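S.K.: My structure is stored as target_33.csv, with CSV, C-alpha atoms.
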```csv
chain,number,residue,atom,x,y,z
A,1,MET,CA,158.1,151.7,139.6
A,2,ILE,CA,157.3,148.9,137.1
A,3,TYR,CA,161.0,148.5,136.3
A,4,ARG,CA,161.9,148.4,140.0
A,5,THR,CA,159.4,145.6,140.5
A,6,LEU,CA,160.6,143.7,137.5
A,7,PHE,CA,164.2,144.1,138.7
A,8,SER,CA,163.3,142.7,142.1
A,9,LEU,CA,161.5,139.7,140.6
A,10,LEU,CA,164.6,139.1,138.4
A,11,LEU,CA,166.9,139.3,141.4
A,12,MET,CA,164.7,136.8,143.3
A,13,ALA,CA,164.8,134.4,140.4
A,14,ILE,CA,168.6,134.6,140.0
A,15,LEU,CA,169.8,134.8,143.6
A,16,PRO,CA,169.8,131.6,145.6
A,17,SER,CA,167.3,131.4,148.4
A,18,CYS,CA,168.9,133.5,151.1
A,19,TYR,CA,167.9,135.1,154.3
A,20,ALA,CA,169.5,137.8,156.4
A,21,SER,CA,168.9,138.1,160.1
A,22,ASN,CA,169.4,141.2,162.1
A,23,ILE,CA,172.4,141.3,164.3
A,24,TRP,CA,171.7,140.5,168.0
A,25,PRO,CA,170.2,143.5,169.8
A,26,GLN,CA,172.7,145.5,171.8
A,27,SER,CA,172.5,144.7,175.5
A,28,GLN,CA,170.4,147.2,177.5
A,29,CYS,CA,171.8,146.0,180.8
A,30,ALA,CA,174.7,148.4,181.4
A,31,LYS,CA,172.9,150.1,184.3
A,32,THR,CA,170.6,147.3,185.5
A,33,PRO,CA,171.9,144.2,187.1
A,34,TYR,CA,170.9,140.7,185.9
A,35,TRP,CA,168.9,139.9,189.0
A,36,LEU,CA,166.5,137.4,187.6
A,37,GLU,CA,167.8,134.0,186.6
A,38,PHE,CA,165.7,131.5,184.7
A,39,SER,CA,167.0,128.2,183.4
A,40,GLN,CA,170.6,129.4,182.8
A,41,ALA,CA,169.5,132.7,181.3
A,42,ALA,CA,169.6,135.9,183.2
A,43,LEU,CA,167.4,139.0,182.8
A,44,CYS,CA,167.9,142.6,183.7
A,45,PHE,CA,164.3,143.8,183.7
A,46,ASP,CA,163.9,146.9,185.9
A,47,LYS,CA,162.6,145.5,189.3
A,48,ASN,CA,160.2,148.4,189.5
A,49,ASN,CA,158.5,147.1,186.3
A,50,VAL,CA,158.0,143.5,187.7
A,51,SER,CA,155.0,143.3,190.0
A,52,SER,CA,154.8,139.5,190.4
A,53,LEU,CA,156.7,136.4,189.6
A,54,LYS,CA,155.2,132.9,189.6
A,55,VAL,CA,157.2,129.7,189.4
A,56,LEU,CA,155.1,127.1,187.7
A,57,ASN,CA,155.6,123.4,188.3
A,58,ALA,CA,155.9,121.7,185.0
A,59,ASN,CA,158.0,119.1,183.2
A,60,HIS,CA,160.1,121.9,181.7
A,61,ALA,CA,161.1,125.1,183.6
A,62,SER,CA,158.4,127.8,183.4
A,63,ILE,CA,157.8,131.1,185.1
A,64,ALA,CA,155.2,133.9,184.7
A,65,LEU,CA,156.0,137.5,185.3
A,66,ASN,CA,153.9,140.6,185.4
A,67,TYR,CA,156.2,142.9,183.5
A,68,ASN,CA,155.1,146.5,182.7
A,69,GLY,CA,151.6,145.6,183.6
A,70,SER,CA,151.4,142.6,181.2
A,71,GLU,CA,151.8,138.9,181.8
A,72,LEU,CA,154.9,137.4,180.3
A,73,PHE,CA,155.7,133.7,180.3
A,74,LEU,CA,159.2,132.2,180.0
A,75,LEU,CA,159.4,128.5,179.2
A,76,ARG,CA,162.0,126.0,178.3
A,77,GLN,CA,160.6,124.2,175.2
A,78,THR,CA,161.1,121.3,172.9
A,79,SER,CA,161.4,121.6,169.1
A,80,GLU,CA,158.5,119.2,168.8
A,81,ASN,CA,156.2,121.5,170.6
A,82,VAL,CA,157.6,124.6,168.9
A,83,THR,CA,156.8,123.4,165.3
A,84,GLY,CA,154.7,120.3,165.8
A,85,ASN,CA,157.7,118.6,164.1
A,86,LEU,CA,157.0,120.5,160.8
A,87,HIS,CA,160.7,121.3,160.7
A,88,LYS,CA,161.6,117.6,160.7
A,89,LYS,CA,159.0,116.9,158.1
A,90,ALA,CA,160.7,119.5,155.9
A,91,LYS,CA,164.1,118.0,156.8
A,92,LEU,CA,165.2,121.3,158.3
A,93,SER,CA,167.0,122.2,161.5
A,94,LEU,CA,164.9,124.4,163.8
A,95,ILE,CA,166.9,127.5,162.9
A,96,ASP,CA,166.7,126.8,159.1
A,97,TYR,CA,162.9,126.3,159.6
A,98,PHE,CA,162.5,129.6,161.2
A,99,ASN,CA,164.6,131.3,158.5
A,100,ALA,CA,162.5,129.6,155.9
A,101,LEU,CA,159.3,131.2,157.3
A,102,SER,CA,160.4,134.5,155.9
A,103,SER,CA,162.5,133.5,152.9
A,104,ASN,CA,162.0,132.0,149.4
A,105,ASN,CA,162.8,128.5,150.7
A,106,THR,CA,160.4,126.2,149.0
A,107,THR,CA,161.2,123.1,151.0
A,108,LEU,CA,158.8,124.2,153.6
A,109,ASP,CA,155.0,124.1,153.3
A,110,LYS,CA,154.7,127.7,154.3
A,111,GLU,CA,150.9,127.9,154.1
A,112,THR,CA,150.7,125.2,156.8
A,113,ALA,CA,153.6,126.7,158.8
A,114,PHE,CA,152.0,130.1,158.8
A,115,LYS,CA,148.7,128.7,160.1
A,116,VAL,CA,150.6,126.8,162.8
A,117,HIS,CA,152.3,129.9,164.0
A,118,GLU,CA,149.3,132.3,163.6
A,119,LEU,CA,151.2,134.3,161.0
A,120,ALA,CA,149.4,136.4,158.3
A,121,SER,CA,152.6,137.6,156.7
A,122,ALA,CA,156.4,137.5,157.0
A,123,GLU,CA,156.2,141.2,158.2
A,124,GLU,CA,155.2,139.8,161.6
A,125,ILE,CA,158.5,138.0,161.9
A,126,ALA,CA,161.9,139.4,163.0
A,127,THR,CA,165.0,137.4,163.5
A,128,TYR,CA,168.3,138.1,165.2
A,129,GLN,CA,171.5,136.2,165.6
A,130,ASN,CA,175.1,136.3,166.8
A,131,ASP,CA,177.8,133.6,166.7
A,132,THR,CA,176.1,131.4,169.3
A,133,TRP,CA,172.4,132.3,169.5
A,134,TYR,CA,169.4,132.8,167.2
A,135,ALA,CA,166.2,134.5,168.1
A,136,ILE,CA,162.9,134.9,166.2
A,137,SER,CA,159.9,137.0,167.3
A,138,MET,CA,156.4,136.6,165.9
A,139,THR,CA,154.1,139.5,166.8
A,140,SER,CA,150.8,140.9,165.7
A,141,LYS,CA,147.5,142.3,167.1
A,142,THR,CA,145.6,139.2,166.2
A,143,ARG,CA,147.7,136.4,167.8
A,144,SER,CA,146.8,134.5,170.9
A,145,PHE,CA,150.3,135.1,172.2
A,146,ASP,CA,153.1,137.1,170.8
A,147,GLU,CA,156.2,135.0,170.9
A,148,ILE,CA,160.0,134.9,171.0
A,149,PHE,CA,162.0,131.7,170.5
A,150,ILE,CA,165.6,131.7,171.4
A,151,VAL,CA,167.7,128.8,170.1
A,152,SER,CA,171.3,127.9,170.9
A,153,LYS,CA,173.3,127.3,167.7
A,154,GLN,CA,175.7,125.0,169.7
A,155,GLN,CA,173.0,123.0,171.5
A,156,PRO,CA,169.8,123.3,169.4
A,157,SER,CA,167.8,121.4,172.1
A,158,PHE,CA,168.2,124.6,174.3
A,159,ILE,CA,165.1,126.5,173.4
A,160,LEU,CA,163.7,129.4,175.4
A,161,GLN,CA,160.2,130.5,174.6
A,162,ILE,CA,158.8,133.9,175.7
A,163,GLY,CA,155.1,134.5,175.3
A,164,GLY,CA,152.8,137.4,176.1
A,165,LYS,CA,151.5,140.5,174.4
A,166,PHE,CA,154.2,142.7,172.9
A,167,THR,CA,155.2,144.4,169.7
A,168,LYS,CA,158.1,143.7,167.5
A,169,THR,CA,160.0,146.6,169.1
A,170,GLN,CA,159.2,145.4,172.6
A,171,ALA,CA,160.3,141.8,171.6
A,172,LYS,CA,163.7,143.2,170.6
A,173,GLU,CA,164.0,145.1,173.9
A,174,ILE,CA,163.2,141.8,175.8
A,175,ILE,CA,166.0,140.1,173.9
A,176,ALA,CA,168.3,143.0,174.6
A,177,LYS,CA,167.7,142.4,178.4
A,178,LEU,CA,168.7,138.8,178.3
A,179,LYS,CA,172.1,137.3,179.0
A,180,LEU,CA,172.3,133.8,177.6
A,181,PRO,CA,174.7,131.0,178.9
A,182,LYS,CA,177.9,130.0,177.3
A,183,ILE,CA,177.4,126.5,176.1
A,184,SER,CA,180.6,124.5,175.8
A,185,THR,CA,180.9,121.9,173.1
A,186,GLN,CA,184.3,120.7,174.2
A,187,PRO,CA,184.7,118.1,176.9
A,188,HIS,CA,186.7,119.2,179.9
A,189,ILE,CA,189.2,116.5,180.9
Z,190,MET,CA,125.7,117.1,170.8
Z,191,ASN,CA,128.0,114.8,169.0
Z,192,GLU,CA,131.5,113.8,170.4
Z,193,HIS,CA,133.4,116.1,168.0
Z,194,ASN,CA,131.4,119.1,169.1
Z,195,ARG,CA,131.9,118.1,172.7
Z,196,VAL,CA,135.7,118.2,172.2
Z,197,LYS,CA,135.5,121.6,170.6
Z,198,GLU,CA,133.4,122.8,173.5
Z,199,ALA,CA,135.9,121.3,176.0
Z,200,ILE,CA,138.9,123.1,174.3
Z,201,ASN,CA,137.0,126.4,174.1
Z,202,ALA,CA,136.0,126.0,177.8
Z,203,PHE,CA,139.7,125.5,178.7
Z,204,TYR,CA,140.7,128.6,176.8
Z,205,LYS,CA,137.9,130.6,178.4
Z,206,GLY,CA,138.7,129.2,181.8
Z,207,ALA,CA,142.3,130.3,181.3
Z,208,GLY,CA,141.1,133.9,180.6
Z,209,LEU,CA,141.9,133.8,176.9
Z,210,ASN,CA,139.6,135.2,174.3
Z,211,ILE,CA,140.5,132.7,171.6
Z,212,LYS,CA,138.4,129.9,170.0
Z,213,PHE,CA,139.3,126.5,168.6
Z,214,THR,CA,138.3,126.6,165.0
Z,215,GLY,CA,140.0,123.6,163.5
Z,216,GLN,CA,139.2,120.0,162.8
Z,217,VAL,CA,138.6,117.6,165.7
Z,218,ASN,CA,140.5,114.4,165.3
Z,219,GLU,CA,142.3,111.8,167.5
Z,220,ARG,CA,145.6,113.8,167.3
Z,221,VAL,CA,143.8,116.9,168.6
Z,222,ALA,CA,142.3,114.8,171.4
Z,223,GLU,CA,145.7,113.4,172.3
Z,224,ILE,CA,147.3,116.8,172.5
Z,225,PHE,CA,144.4,118.3,174.5
Z,226,GLY,CA,144.8,115.4,176.9
Z,227,LYS,CA,148.5,116.3,177.3
Z,228,MET,CA,147.4,119.8,178.0
Z,229,VAL,CA,145.1,118.7,180.7
Z,230,PHE,CA,147.7,116.5,182.3
Z,231,ALA,CA,150.3,119.3,182.1
Z,232,THR,CA,147.8,121.6,183.8
Z,233,GLN,CA,147.5,119.1,186.6
Z,234,GLN,CA,151.2,119.6,187.3
Z,235,CYS,CA,150.9,123.3,188.1
Z,236,THR,CA,147.4,123.4,189.6
Z,237,THR,CA,145.1,121.2,191.7
Z,238,ALA,CA,142.1,122.5,189.7
Z,239,LEU,CA,141.9,119.6,187.3
Z,240,ASN,CA,143.1,116.9,189.8
Z,241,TRP,CA,139.8,115.1,189.5
Z,242,VAL,CA,140.5,114.1,185.8
Z,243,PRO,CA,141.4,110.4,185.7
Z,244,ARG,CA,144.0,109.1,183.3
Z,245,PRO,CA,142.5,107.5,180.2
Z,246,THR,CA,142.9,103.7,179.7
Z,247,GLY,CA,145.9,103.2,177.5
Z,248,GLY,CA,147.3,106.6,178.7
Z,249,LYS,CA,146.3,108.6,175.6
Z,250,ALA,CA,143.3,110.9,175.5
Z,251,THR,CA,140.7,110.1,172.8
Z,252,ILE,CA,137.7,112.0,171.4
Z,253,SER,CA,135.4,109.7,173.3
Z,254,TRP,CA,137.3,110.2,176.6
Z,255,ILE,CA,137.2,113.9,176.3
Z,256,ALA,CA,133.5,113.9,175.3
Z,257,ARG,CA,132.7,111.8,178.4
Z,258,ASN,CA,134.8,113.7,180.9
Z,259,PHE,CA,134.8,117.4,180.0
Z,260,GLY,CA,132.4,120.3,179.4
Z,261,GLN,CA,131.7,123.8,180.5
Z,262,SER,CA,132.6,122.8,184.0
Z,263,ILE,CA,136.3,123.4,183.1
Z,264,ILE,CA,135.6,127.2,183.2
Z,265,ARG,CA,134.6,127.0,186.8
Z,266,GLN,CA,137.4,124.5,187.7
Z,267,LEU,CA,140.2,126.8,186.6
Z,268,GLY,CA,138.9,129.7,188.6
Z,269,GLU,CA,141.5,132.3,189.1
Z,270,GLY,CA,145.0,133.1,190.3
Z,271,GLN,CA,147.6,130.5,189.9
Z,272,SER,CA,145.3,128.1,188.1
Z,273,LEU,CA,144.7,130.7,185.4
Z,274,THR,CA,148.4,131.3,185.0
Z,275,CYS,CA,149.1,127.6,184.9
Z,276,ALA,CA,146.5,127.0,182.2
Z,277,LYS,CA,147.7,129.9,180.1
Z,278,SER,CA,151.3,128.6,180.2
Z,279,VAL,CA,150.1,125.2,179.1
Z,280,ILE,CA,148.2,126.7,176.2
Z,281,LEU,CA,151.3,128.7,175.1
Z,282,LYS,CA,153.4,125.5,175.4
Z,283,TYR,CA,151.2,123.4,173.2
Z,284,LYS,CA,149.6,125.9,170.8
Z,285,SER,CA,151.7,125.0,167.8
Z,286,THR,CA,151.2,121.3,168.1
Z,287,LEU,CA,147.5,121.8,168.6
Z,288,HIS,CA,147.2,124.1,165.7
Z,289,LEU,CA,149.0,121.6,163.4
Z,290,ALA,CA,146.8,118.7,164.6
Z,291,SER,CA,143.7,120.8,164.0
Z,292,LEU,CA,144.7,121.2,160.4
Z,293,GLY,CA,144.5,117.4,160.0
Z,294,VAL,CA,148.1,117.4,158.7
```
Render the structure in this file as structure tokens.

M.R.:
Amino acid sequence: MIYRTLFSLLLMAILPSCYASNIWPQSQCAKTPYWLEFSQAALCFDKNNVSSLKVLNANHASIALNYNGSELFLLRQTSENVTGNLHKKAKLSLIDYFNALSSNNTTLDKETAFKVHELASAEEIATYQNDTWYAISMTSKTRSFDEIFIVSKQQPSFILQIGGKFTKTQAKEIIAKLKLPKISTQPHI
Amino acid sequence: MNEHNRVKEAINAFYKGAGLNIKFTGQVNERVAEIFGKMVFATQQCTTALNWVPRPTGGKATISWIARNFGQSIIRQLGEGQSLTCAKSVILKYKSTLHLASLGV
């Protein structure tokens, strides 16, 4: 046990700071249509599990659903609101900032970042990615809101925030019920 | 009650009015006041509940402005239904910036 711990410490010292996200959750929408569209994203929540839907008037698109008996908010967000611009202070992109929350990256003031995001440990974080999208969930029993942030790798200003009360597993299921837009980076002439 | 405590009371009343069992525990400073002001103005967009709140001179909320204009009455103002949902969405939207400001960073 001691040797395993020492070996882990040695590896951490030798290996460069690195972080591995989970692969994007497999879609759970084979049998359920994408009937709910929000700000270019589409969801395949079972309609029987959605008892209300409120469209909120705001500067950025926002809706509130009652899903599985619990209130769920979907918002378009700005990176400034997501981190309070802590990511800019650390000279990190938003995605690198999120990765730094649960890695050995020392550029970031993690103590402050953890307080900002109501995190007690990196165990409360899960990240997922594919070629074009990145998602991070922050969940625990003590948070004001459990949250998911979904960021486009091609257009980092496209940020979707999902907030409510859910577990890490439920967050993964929500992500699996999302279809995200294809964002073109090439001009069409 | 001094102005800083009045700001804390106003923020906690906003949380309570939105049906959330959370408390503002950080430092009150002008940045916190500014962000809380943004939250109030954002709430005005999705509910008529806080329509009575005038814009501060200069456009930015300050500790003094909040201390003068807010108190426990926010709880009654937000009421229920769509006002509650609206206020919750605003709290979610601004929670990271408010937390950071409350750290005095």

S.K.: Select all residues near (154.4, 136.8, 179.1) (cut-off 12 Å, inclusive, file coordinates), counting all atoms listed in the file, and output them as JSON, numbers by chain.

M.R.: {"A": [50, 52, 53, 54, 62, 63, 64, 65, 66, 67, 68, 69, 70, 71, 72, 73, 74, 75, 144, 145, 146, 147, 148, 161, 162, 163, 164, 165, 166, 170, 171, 174], "Z": [274, 277, 278, 281, 282]}

S.K.: In terms of the shortest atom-to-atom distance over all atoms listed in the file, which of A:Ile136, A:Val116, A:Ala122, A:Val55 is closest to chain Z?

M.R.: A:Val116

S.K.: Write out as a PDB file with C-alpha atoms, in the frame of the given file each polymer residue whose atoms come within 7 Å of range 238-240 of chain Z, counting only C-alpha atoms; drop sequence neighbours fewer than 2 positions from it.

M.R.:
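Result file result01.pdb:
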```pdb
ATOM      1  CA  GLN Z 233     147.500 119.100 186.600  1.00  0.00           C
ATOM      2  CA  THR Z 236     147.400 123.400 189.600  1.00  0.00           C
ATOM      3  CA  VAL Z 242     140.500 114.100 185.800  1.00  0.00           C
ATOM      4  CA  GLN Z 266     137.400 124.500 187.700  1.00  0.00           C
ATOM      5  CA  LEU Z 267     140.200 126.800 186.600  1.00  0.00           C
ATOM      6  CA  SER Z 272     145.300 128.100 188.100  1.00  0.00           C
TER       7      SER Z 272
END
```

S.K.: Using only C-alpha atoms, can you tell me which of A:Lys110, A:Lys89, A:Lys47, A:His117 comes closest to chain Z?

M.R.: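 Looking only at the distances to chain Z, the closest residue turns out to be A:His117.
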
S.K.: Counting only C-alpha atoms, which residue out of Z:Lys249, Z:Lys205, Z:Arg244, Z:His193 sits closest to Val217 in chain Z?

M.R.: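 Distance minimum relative to Val217 in chain Z lands on Z:His193.
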
S.K.: Which residue out of Z:Phe230, Z:Cys235, Z:Ser253, Z:Ile280 has the minimum interatomic distance to Gly206 in chain Z when all atoms listed in the file are used?

M.R.: Z:Ile280

S.K.: Using all atoms listed in the file, I'd like a table of the residues in chain Z that come within 6 Å of chain A; for each, show the closest atom pair and its distance in Å rounded to one decimal, ordered by chain and ascending number, as CSV.

M.R.:
```
residue,atom,partner,partner_atom,distance
Z:Gln234,CA,A:Ala58,CA,5.6
Z:Cys235,CA,A:Asn57,CA,4.7
Z:Tyr283,CA,A:Asn81,CA,5.9
Z:Ser285,CA,A:Val116,CA,5.4
Z:Thr286,CA,A:Gly84,CA,4.3
Z:His288,CA,A:Val116,CA,5.2
Z:Leu289,CA,A:Val116,CA,5.5
```

S.K.: To one decimal place, how far is CA of Pro245 in chain Z from CA of Val294 in chain Z in Å?

M.R.: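 Calculated distance between CA of Pro245 in chain Z and CA of Val294 in chain Z is 24.3 Å.
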
S.K.: Just the residues within 10 Å of Tyr128 in chain A, please, counting only C-alpha atoms, with nothing from its chain fewer than 4 positions along; format it as a compact mmCIF listing (two decimals) with C-alpha atoms, keeping the file's coordinate frame.

M.R.:
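Okay, part_30.txt is ready:
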```txt
# COMPACT_ATOMS: atom_id res chain seq x y z
CA ALA A 20 169.50 137.80 156.40
CA SER A 21 168.90 138.10 160.10
CA ASN A 22 169.40 141.20 162.10
CA ILE A 23 172.40 141.30 164.30
CA TRP A 24 171.70 140.50 168.00
CA PRO A 25 170.20 143.50 169.80
CA TRP A 133 172.40 132.30 169.50
CA TYR A 134 169.40 132.80 167.20
CA ALA A 135 166.20 134.50 168.10
CA ILE A 136 162.90 134.90 166.20
CA SER A 137 159.90 137.00 167.30
CA ILE A 150 165.60 131.70 171.40
CA LYS A 172 163.70 143.20 170.60
CA ILE A 175 166.00 140.10 173.90
```

S.K.: What does the distance between CA of Gly226 in chain Z and CA of Ile200 in chain Z come to in Å, to one decimal place?

M.R.: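 According to the coordinates, CA of Gly226 in chain Z and CA of Ile200 in chain Z are separated by 10.0 Å.
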
S.K.: Quick one: distance from CA of Asn130 in chain A to CA of Gln155 in chain A in Å, one decimal?

M.R.: 14.3 Å
